[in-house]
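Student: Let me give you the structure first, and then I'll get to my questions.
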There are 6 protein chains.
Amino acid sequence: MNVVLTNPPRVARNIAQAFVRFGVATVHEAQGRIGLLSSCMRPIYPGAKIAGSAVMVCLPPADNWMLHVAVEQCQAGDVLVVAPTSPCDTGYFGELLACSLATRGVLGLVIEAGVRDVAALTRMEFPVWSKAVSAQGTVKETLGSVNVPVVCAGQLIHAGDLILADDDGVVVVPRQAAATVLQQSELREAKEAQTRARLKAGELGLDIYGMREKLAEKGLIYRAAEVEG
Amino acid sequence: MNVVLTNPPRVARNIAQAFVRFGVATVHEAQGRIGLLSSCMRPIYPGAKIAGSAVMVCLPPADNWMLHVAVEQCQAGDVLVVAPTSPCDTGYFGELLACSLATRGVLGLVIEAGVRDVAALTRMEFPVWSKAVSAQGTVKETLGSVNVPVVCAGQLIHAGDLILADDDGVVVVPRQAAATVLQQSELREAKEAQTRARLKAGELGLDIYGMREKLAEKGLIYRAAEVEG
Amino acid sequence: MNVVLTNPPRVARNIAQAFVRFGVATVHEAQGRIGLLSSCMRPIYPGAKIAGSAVMVCLPPADNWMLHVAVEQCQAGDVLVVAPTSPCDTGYFGELLACSLATRGVLGLVIEAGVRDVAALTRMEFPVWSKAVSAQGTVKETLGSVNVPVVCAGQLIHAGDLILADDDGVVVVPRQAAATVLQQSELREAKEAQTRARLKAGELGLDIYGMREKLAEKGLIYRAAEVEG
Amino acid sequence: MNVVLTNPPRVARNIAQAFVRFGVATVHEAQGRIGLLSSCMRPIYPGAKIAGSAVMVCLPPADNWMLHVAVEQCQAGDVLVVAPTSPCDTGYFGELLACSLATRGVLGLVIEAGVRDVAALTRMEFPVWSKAVSAQGTVKETLGSVNVPVVCAGQLIHAGDLILADDDGVVVVPRQAAATVLQQSELREAKEAQTRARLKAGELGLDIYGMREKLAEKGLIYRAAEVEG
Amino acid sequence: MNVVLTNPPRVARNIAQAFVRFGVATVHEAQGRIGLLSSCMRPIYPGAKIAGSAVMVCLPPADNWMLHVAVEQCQAGDVLVVAPTSPCDTGYFGELLACSLATRGVLGLVIEAGVRDVAALTRMEFPVWSKAVSAQGTVKETLGSVNVPVVCAGQLIHAGDLILADDDGVVVVPRQAAATVLQQSELREAKEAQTRARLKAGELGLDIYGMREKLAEKGLIYRAAEVEG
Amino acid sequence: MNVVLTNPPRVARNIAQAFVRFGVATVHEAQGRIGLLSSCMRPIYPGAKIAGSAVMVCLPPADNWMLHVAVEQCQAGDVLVVAPTSPCDTGYFGELLACSLATRGVLGLVIEAGVRDVAALTRMEFPVWSKAVSAQGTVKETLGSVNVPVVCAGQLIHAGDLILADDDGVVVVPRQAAATVLQQSELREAKEAQTRARLKAGELGLDIYGMREKLAEKGLIYRAAEVEG
């Protein structure tokens, strides 16, 4: 059964916006090393970073009809998250759909498939994380669903979950956990800021983290290298 | 038999130049969704775009001798299109060959293999679409052919065909079809400009394309999402 | 047995610095087409180029403990070269480790695995050549070794070998051969400069390299293309 | 938090066994084209087929400690389903673990990672569907979870779901849907048996499925081929 | 425009059958090292070998409607050769279509996409060379063409060309060249039979092929290995 | 410089033969988890297993001339180990070379490239571990070296090292370590035999290996699953 779930829950806008200060790696760690999408998901241009509420689309291979349906379900601060039901590198998304989404205040697209018009998308600064770039287009013949839970790039995502994407990739934080993970990210970042300062001052991680004793226990041996020639 | 076909037909220069206004995706659609090279063909730097007449090279794996032969067959407005007879990521092409081609007014290179000196090629603004970047060089031992029809990245290309390449990839338009496809691209672009304006004004694709009725016919259901937590 | 070899030999600093004038492709050719790492090793941002002395790390999959150990063994002008004992795309390295290395004057990282925080590394201009970008982190549980010989991306590398990396990839030059290969690179570059000038003046490689006779001997045929349509 | 959920629900044994008559493709269709694991999951030997109740394991990269924990949670008719938290081809599973599972009546293993001892597993007729074969072993250092919901090869699977695997791959049927999908599979199979008989008698799918009219409507043209040479 | 070309030319049946004595590698060499399909095309079971006349199908991604159309165009001794217009691993073909083709005397299928029901196809001994195995099915919505020239796995193939497939892969021989290539294959095989006999008798290729002088000319050095330890 | 090192050291024949009792995974573990070739190296048919002394060949891409040179350097009990200087899937090796090697008592081939005539090689029971199957042949134009150290599939191998290959892949044991690793393999196998007996009797690995306490220490929680529906 193909269904569009309207007015899905959404992670609170101020919480989502607060995540933009943190990198995907930091949030992934803060969350306990879960929620990372497959590293096949790459940004179409460097330097983009977004944090917003997921609108989910599940659609057939090589058929982007449901993207037009999904646009209407989007509002400012959303991130469109798309996965086909079988693996497909076809270019589902291009400049016209991006115009439509940008007009509504959508922050970007995460799609486990192909995208096209990347030069135009770069000029528009509409960021996309995708599995492929392909000018090959799609048809509009078969239905899918909007805002049902979808597995995208190896992670189960629900509408309204927090999506954070940067040059390292994409991480999902469940909506109900977002406030907690935000706090953990702040703690982690604060701790890292201290470590960063000490490392820049020349201290070693071996000392900061107190690793020397454990290394010795495990049997690590230090020995001068023999030099020949 | 290894042969160099001299003075091949060429797509008219003014027609080729007119294609630069359009993206690969637009021309691919305008042509009826044919002629797209495999999405493994990627530009070595972002933002390049060329449209010119194909000079074809078929050559052995890891042997670039025929590229030197092909240079002499090139003139201003050409695009060199190269495919090895068996899969090979070796760096067939670098800065010196690019100097030689640029001197003759060649617009760029499309090669289903590897390329090297990409920092220098980027500085020279000599664009290349390739399957790999590799500093591994080639030998000059075995013959191939120039300007015979060649399958490159999954498409059959004849000398003189129109090659259009941008950040989305590479499309080939048969020489005799180029004028017609140019008109179709213009029509498509004009239509897209209207659509773009309407989308930017906030209209939905669902309404512009009249999709709502067909979606209902196919059985798409809208239902309010249930919110928990 | 897990061992850290301290004070390894190092290629002379002035020799290493002299290599930065040359591209990876030039040095690979000058050295007799050996020493190139697999083309899966790509820079995280374009335009970087480094030449330095290898500090080697061999470590377990998904465990970056030995990187902290290796930092202490590094000094200005070094390049950290890392390979896991089984294939692994996990993000072993990020901004904090880069701060620590940059503070010590280390030039960059070559790692046959994943890296994260690439936006921060790009801002810091700390270059990395890696097999993957992944926000997935590692544990610190299992030992490895530092400055033992390691196969990285298909090449056997010893501590103190010269590592040269640019947009084309990464090449290793054995420490004892570095001075000789530097001379050969200079000779090659000088010869290429002459060829470049002649090519820019419009001469053909066919004539500069004297290829016409050998092509005829091998049976290459020139024939006018037949034009239809 | 790492947890082992004991005594999970299980799809009824007689229902699971009834599925063995059907192929993965049939059940996937009968279920509405959902639930198929990625086609990277391949059997280690041809001809195996199993249908059982999923015991789920989520574990760290290159660490198989939780497999030993999971064995105790398995009973006759179960299928062990395993996914690492980051991509990993290491050989998590070999002959000794297979002995232990076979002794308990476990039907086979589905693992989005590597497996080893495949010659012994083939002799034992203990089937495995995996992403890789690798003799590289694992450590036992870090916890994971058993019988929590896990995304394996792109599908979300709960403990007790029905797993069907054959030479075509692996499909999951949610436990609560299993009885219904079984009936749909039987209907589909019955219908296919009739079609099979008619096709073997020489009738065409074009006629059996009544496709000729729709093809004509869409504009399909039949024309005699021109023969040259 | 979508078209079905009926009654295409066909390579003579007796010529096609004569090719079965030869391997794909032999025919590929005899033909001058052209016509080999990409090595991504693998047989679904070992030991199959077919030689027949190509019936060509060009179809959309994830849509197998045209296969039903193509069946009617097939006769005894044909090989169905299929390529989608964009890369797609979906399972286009299964047991029912195989029943229909086998009933008509079709020898096998070559498809640059996915196939399913491989256990049943193996039992039926209906061989398939494909790029993937996937239980994911297709729709029947969009037209394609039958018996137009198609690029399949990197080679341009015309209806009626000779297709030879075995455990090494798939080679195409143009229809008009088939008789000549058959003779060349016979000559090559006869020569290889003599060489095989001499090699089994202990002679070396170095002597049979007279390589020693040319090796010395190129500068090959023989030296006793130094043994340590 | 291209060189053939004659009469290389060889691992003792009786030691090599004793390794055939053990699997690649066992020897890899016994040796301390080193020496495993990349998992891209797969056998051309299941069930083969060999253990012998390495004869090394380093050769150019798509050029198999040096294989003919290497045959003369082989004797009974050897395994030919081959790596090209740049990545290449071409079919370097087929039935005639296999005849020649089999006549001399060579046990099999390990090649980081392509192989052809796999049906014939299977009938002859001449095993090959390769990266690809391809009917695409090679030229004989450029020299390489025999019995120099070569990196093959990521491992540095010297002539005379012990090569063990089975369905799990390929492992190299340095010649001087072979006797020691053989003993360690025997110890490991004896220990595994005891464990196997206990597992078959129904004991759990959790108890045999004494894992329960350490799991509890790390914080593993057991909890009854909640069942719904």
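FYI, nothing fancy with the structure tokens labels: chains A, B, ... in order, residues from 1 per chain, ligands from 1 as they appear.
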Give me, as CSV, each residue of chain A that comes within 12 Å of chain D, together with its shortest interatomic pair and the distance in Å at one decimal, counting only C-alpha atoms, with rows ordered by chain and rising residue number.
Tutor:
```
residue,atom,partner,partner_atom,distance
A:Met1,CA,D:Gly32,CA,8.5
A:Asn2,CA,D:Gly32,CA,10.7
A:His28,CA,D:Thr85,CA,11.8
A:Gln31,CA,D:Met1,CA,10.8
A:Gly32,CA,D:Met1,CA,8.5
A:Arg33,CA,D:Thr85,CA,8.0
A:Ile34,CA,D:Thr85,CA,7.2
A:Gly35,CA,D:Thr85,CA,9.1
A:Leu36,CA,D:Ser86,CA,8.5
A:Leu37,CA,D:Ser86,CA,9.4
A:Ser38,CA,D:Pro87,CA,8.0
A:Ser39,CA,D:Pro87,CA,8.9
A:Cys40,CA,D:Pro87,CA,10.8
A:Cys58,CA,D:Ile34,CA,10.9
A:Leu59,CA,D:Ile34,CA,11.4
A:Pro60,CA,D:Arg33,CA,10.0
A:Pro61,CA,D:Arg33,CA,11.8
A:Ala83,CA,D:Gly154,CA,10.4
A:Pro84,CA,D:Ile34,CA,11.0
A:Thr85,CA,D:Ile34,CA,7.4
A:Ser86,CA,D:Ser38,CA,8.2
A:Pro87,CA,D:Ser38,CA,8.1
A:Cys88,CA,D:Ser38,CA,11.8
A:Glu112,CA,D:Gly154,CA,11.1
A:Gly144,CA,D:Arg33,CA,11.5
A:Pro149,CA,D:Leu156,CA,10.0
A:Val150,CA,D:Leu156,CA,9.0
A:Val151,CA,D:Gly154,CA,6.3
A:Cys152,CA,D:Gly154,CA,7.5
A:Ala153,CA,D:Gly154,CA,6.9
A:Gly154,CA,D:Gly154,CA,4.8
A:Gln155,CA,D:Val151,CA,6.5
A:Leu156,CA,D:Leu156,CA,6.8
A:Ile157,CA,D:Leu156,CA,10.3
```
Student: Write the residues of the selection above to a file with N, CA, C and O atoms, as a short mmCIF file (atom, residue, chain, number, x, y, z; two decimals), in the first residue's frame.
Tutor:
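Result file is out-v1.cif:
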```
data_model
loop_
_atom_site.label_atom_id
_atom_site.label_comp_id
_atom_site.auth_asym_id
_atom_site.auth_seq_id
_atom_site.Cartn_x
_atom_site.Cartn_y
_atom_site.Cartn_z
N MET A 1 0.83 -1.20 0.00
CA MET A 1 0.00 0.00 0.00
C MET A 1 0.87 1.25 0.00
O MET A 1 1.82 1.35 0.75
N ASN A 2 0.55 2.17 -0.87
CA ASN A 2 1.33 3.40 -0.98
C ASN A 2 0.61 4.53 -0.29
O ASN A 2 -0.56 4.80 -0.56
N HIS A 28 28.10 11.56 15.86
CA HIS A 28 28.09 10.11 15.80
C HIS A 28 28.72 9.51 17.06
O HIS A 28 28.19 8.56 17.65
N GLN A 31 26.56 10.10 20.20
CA GLN A 31 25.35 9.27 20.21
C GLN A 31 25.66 7.80 20.49
O GLN A 31 24.79 6.94 20.49
N GLY A 32 26.96 7.48 20.67
CA GLY A 32 27.33 6.09 20.96
C GLY A 32 27.66 5.30 19.71
O GLY A 32 27.47 4.09 19.67
N ARG A 33 28.15 6.02 18.67
CA ARG A 33 28.60 5.36 17.43
C ARG A 33 27.50 4.63 16.71
O ARG A 33 27.71 3.53 16.18
N ILE A 34 26.32 5.20 16.69
CA ILE A 34 25.24 4.63 15.87
C ILE A 34 24.69 5.72 14.96
O ILE A 34 24.97 6.91 15.12
N GLY A 35 23.93 5.29 13.96
CA GLY A 35 23.19 6.23 13.13
C GLY A 35 23.93 6.78 11.92
O GLY A 35 23.39 7.63 11.21
N LEU A 36 25.12 6.26 11.63
CA LEU A 36 25.88 6.79 10.49
C LEU A 36 25.42 6.13 9.20
O LEU A 36 25.35 4.90 9.10
N LEU A 37 25.11 6.93 8.18
CA LEU A 37 24.78 6.35 6.87
C LEU A 37 26.06 5.84 6.21
O LEU A 37 27.17 6.26 6.55
N SER A 38 25.90 4.92 5.26
CA SER A 38 27.04 4.34 4.55
C SER A 38 27.93 5.42 3.96
O SER A 38 27.45 6.45 3.47
N SER A 39 29.26 5.14 3.95
CA SER A 39 30.20 6.14 3.44
C SER A 39 30.12 6.27 1.92
O SER A 39 30.84 7.07 1.34
N CYS A 40 29.23 5.51 1.26
CA CYS A 40 29.01 5.75 -0.17
C CYS A 40 28.25 7.05 -0.41
O CYS A 40 28.19 7.53 -1.54
N CYS A 58 10.20 6.79 -0.04
CA CYS A 58 10.56 5.45 -0.50
C CYS A 58 9.97 5.34 -1.90
O CYS A 58 8.76 5.53 -2.08
N LEU A 59 10.78 5.04 -2.92
CA LEU A 59 10.26 5.07 -4.29
C LEU A 59 10.86 3.95 -5.13
O LEU A 59 11.83 3.31 -4.74
N PRO A 60 10.27 3.69 -6.31
CA PRO A 60 10.75 2.59 -7.15
C PRO A 60 12.06 2.94 -7.84
O PRO A 60 12.40 4.12 -7.95
N PRO A 61 12.78 1.94 -8.36
CA PRO A 61 13.99 2.23 -9.12
C PRO A 61 13.65 3.03 -10.38
O PRO A 61 12.69 2.71 -11.08
N ALA A 83 15.19 6.96 -0.62
CA ALA A 83 15.84 5.68 -0.94
C ALA A 83 14.97 4.89 -1.89
O ALA A 83 13.75 4.80 -1.70
N PRO A 84 15.56 4.35 -2.96
CA PRO A 84 14.80 3.48 -3.87
C PRO A 84 14.67 2.07 -3.29
O PRO A 84 15.47 1.68 -2.45
N THR A 85 13.67 1.34 -3.74
CA THR A 85 13.46 -0.01 -3.22
C THR A 85 14.44 -1.03 -3.78
O THR A 85 14.55 -2.13 -3.26
N SER A 86 15.11 -0.69 -4.88
CA SER A 86 16.26 -1.54 -5.27
C SER A 86 17.38 -0.62 -5.73
O SER A 86 17.14 0.49 -6.14
N PRO A 87 18.64 -1.11 -5.66
CA PRO A 87 19.77 -0.21 -5.90
C PRO A 87 19.69 0.42 -7.29
O PRO A 87 19.40 -0.27 -8.27
N CYS A 88 19.96 1.72 -7.39
CA CYS A 88 19.75 2.44 -8.63
C CYS A 88 20.58 3.72 -8.60
O CYS A 88 20.47 4.49 -7.66
N GLU A 112 19.95 7.93 -1.66
CA GLU A 112 20.77 6.74 -1.93
C GLU A 112 20.57 6.34 -3.39
O GLU A 112 20.04 5.26 -3.69
N GLY A 144 5.10 5.25 -4.68
CA GLY A 144 5.90 4.88 -3.51
C GLY A 144 5.20 5.47 -2.30
O GLY A 144 4.00 5.71 -2.35
N PRO A 149 8.66 4.92 7.64
CA PRO A 149 10.07 4.66 7.97
C PRO A 149 10.77 4.03 6.77
O PRO A 149 10.20 3.17 6.09
N VAL A 150 12.00 4.48 6.49
CA VAL A 150 12.74 4.01 5.32
C VAL A 150 14.17 3.69 5.74
O VAL A 150 14.75 4.42 6.53
N VAL A 151 14.72 2.59 5.19
CA VAL A 151 16.15 2.34 5.36
C VAL A 151 16.88 3.05 4.23
O VAL A 151 16.69 2.74 3.06
N CYS A 152 17.71 4.03 4.58
CA CYS A 152 18.48 4.78 3.58
C CYS A 152 19.97 4.61 3.88
O CYS A 152 20.42 4.93 4.99
N ALA A 153 20.71 4.07 2.90
CA ALA A 153 22.16 3.89 3.06
C ALA A 153 22.49 3.15 4.34
O ALA A 153 23.45 3.47 5.04
N GLY A 154 21.66 2.17 4.68
CA GLY A 154 21.96 1.27 5.78
C GLY A 154 21.41 1.68 7.14
O GLY A 154 21.63 0.98 8.13
N GLN A 155 20.71 2.82 7.23
CA GLN A 155 20.14 3.25 8.51
C GLN A 155 18.63 3.38 8.41
O GLN A 155 18.12 3.93 7.43
N LEU A 156 17.94 2.93 9.43
CA LEU A 156 16.49 3.12 9.50
C LEU A 156 16.19 4.55 9.95
O LEU A 156 16.65 4.98 11.01
N ILE A 157 15.42 5.29 9.14
CA ILE A 157 15.12 6.70 9.45
C ILE A 157 13.61 6.90 9.47
O ILE A 157 12.90 6.40 8.60
#
```
Student: Just want the 10 Å neighbourhood of Leu107 (chain F), counted on only C-alpha atoms, with same-chain residues fewer than 6 positions away dropped. Output as a PyMOL selection string.
Tutor: chain F and resi 49-53+75-80+98+101+125-128
Student: If you run DSSP on the backbone, which residues of region 64-197 of chain D are alpha helix (DSSP H), as a PyMOL selection string?
Tutor: chain D and resi 65-71+95-103+118-124+178-197
Student: Need the shell around Val173 (chain F): protein/DNA/RNA residues with any atom at most 7 Å away, counting only C-alpha atoms. Skip same-chain ones fewer than 6 positions apart. Format as a PyMOL selection string?
Tutor: chain F and resi 35+161-163
Student: Write out the residues from the selection above, keeping C-alpha atoms, as a PDB file, in the first residue's frame.
Tutor:
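As written to disk, out-v1.pdb reads:
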```pdb
ATOM      1  CA  GLY F  35      50.667 -12.723   5.529  1.00  0.00           C
ATOM      2  CA  ASP F 161      58.353 -18.522   0.631  1.00  0.00           C
ATOM      3  CA  LEU F 162      55.611 -21.010   1.470  1.00  0.00           C
ATOM      4  CA  ILE F 163      52.326 -20.351  -0.329  1.00  0.00           C
TER       5      ILE F 163
END
```
Student: Here is a test: counting only C-alpha atoms, which residue of F:Leu199, F:Asp117, F:Lys191, F:Gly137 is nearest to Ala165 (chain E)?
Tutor: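 The closest residue to Ala165 (chain E) is F:Asp117.
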Student: Can you tell me, as number ranges by chain, what residues are no more than 10 Å from Gln184 (chain E) when counting only C-alpha atoms, ignoring any on the same chain fewer than 6 positions away?
Tutor: E: 26-27, 29-32, 178, 190
Student: Using all heavy atoms, can you export the residues from the last selection as a short mmCIF file (atom, residue, chain, number, x, y, z; two decimals), in the first residue's frame?
Tutor:
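result.cif, written as the output of this step:
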```cif
data_model
loop_
_atom_site.label_atom_id
_atom_site.label_comp_id
_atom_site.auth_asym_id
_atom_site.auth_seq_id
_atom_site.Cartn_x
_atom_site.Cartn_y
_atom_site.Cartn_z
N THR E 26 39.78 -18.42 -27.44
CA THR E 26 40.30 -18.78 -28.76
C THR E 26 39.66 -17.93 -29.85
O THR E 26 40.34 -17.39 -30.74
CB THR E 26 40.03 -20.28 -29.05
OG1 THR E 26 40.72 -21.05 -28.07
CG2 THR E 26 40.48 -20.68 -30.44
N VAL E 27 38.35 -17.81 -29.82
CA VAL E 27 37.65 -17.05 -30.86
C VAL E 27 38.00 -15.57 -30.77
O VAL E 27 38.18 -14.89 -31.79
CB VAL E 27 36.12 -17.28 -30.75
CG1 VAL E 27 35.35 -16.35 -31.67
CG2 VAL E 27 35.81 -18.74 -31.07
N GLU E 29 40.83 -14.32 -29.79
CA GLU E 29 42.16 -14.17 -30.40
C GLU E 29 42.06 -14.30 -31.92
O GLU E 29 42.65 -13.50 -32.66
CB GLU E 29 43.11 -15.26 -29.87
CG GLU E 29 43.48 -15.14 -28.41
CD GLU E 29 44.42 -13.97 -28.12
OE1 GLU E 29 45.07 -13.47 -29.05
OE2 GLU E 29 44.48 -13.55 -26.94
N ALA E 30 41.31 -15.31 -32.37
CA ALA E 30 41.23 -15.59 -33.82
C ALA E 30 40.64 -14.39 -34.56
O ALA E 30 40.94 -14.15 -35.73
CB ALA E 30 40.39 -16.84 -34.06
N GLN E 31 39.81 -13.64 -33.87
CA GLN E 31 39.12 -12.50 -34.47
C GLN E 31 39.95 -11.21 -34.38
O GLN E 31 39.52 -10.14 -34.81
CB GLN E 31 37.78 -12.31 -33.73
CG GLN E 31 36.84 -11.34 -34.38
CD GLN E 31 35.52 -11.19 -33.64
OE1 GLN E 31 34.52 -10.90 -34.25
NE2 GLN E 31 35.48 -11.43 -32.35
N GLY E 32 41.15 -11.32 -33.80
CA GLY E 32 41.99 -10.13 -33.70
C GLY E 32 41.77 -9.35 -32.42
O GLY E 32 41.98 -8.15 -32.38
N ALA E 178 31.46 -14.29 -39.50
CA ALA E 178 31.45 -15.54 -38.72
C ALA E 178 32.17 -16.68 -39.44
O ALA E 178 32.95 -17.42 -38.83
CB ALA E 178 30.01 -15.93 -38.36
N ALA E 190 44.20 -25.78 -34.25
CA ALA E 190 45.10 -26.81 -34.77
C ALA E 190 46.54 -26.51 -34.33
O ALA E 190 47.27 -27.41 -33.90
CB ALA E 190 45.01 -26.85 -36.30
#
```
Student: List the spatial neighbours of Trp129 (chain E) as a PyMOL selection string - criterion: any atom at most 8 Å away, only C-alpha atoms, same-chain residues fewer than 6 positions off excluded.
Tutor: chain E and resi 41-44+109-111+165+169-170
Student: Near Val4 (chain D), within 6 Å and counting only C-alpha atoms, which residues show up once chain neighbours fewer than 3 positions away are dropped, as a list in words?
Tutor: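 Near neighbours after the sequence-gap exclusion: Ser145 and Val146 of chain D; Tyr222 of chain F.
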Student: Please indicate the distance in Å from CA of Ala62 (chain E) to CA of Ala197 (chain D), rounded to one decimal place.
Tutor: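 So the two atoms, CA of Ala62 (chain E) and CA of Ala197 (chain D), lie 26.2 Å apart.
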Student: Find the distance between CA of Pro8 (chain A) and CA of Val71 (chain A) and write it in Å to one decimal.
Tutor: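 Calculated distance between CA of Pro8 (chain A) and CA of Val71 (chain A) is 13.7 Å.
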Student: What does the distance between CA of Arg21 (chain F) and CA of Ala159 (chain F) come to in Å, to one decimal place?
Tutor: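 Interatomic distance, CA of Arg21 (chain F) to CA of Ala159 (chain F): 22.5 Å.
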Student: Considering only strand (DSSP E or B) as DSSP defines it on the backbone, what residues of region 32-183 of chain B qualify? List them as a ChimeraX atom specification.
Tutor: /B:36,42-43,50-59,63,78-84,88,91,108-115,128-133,139,145-146,150-152,155-157,162-166,169-173
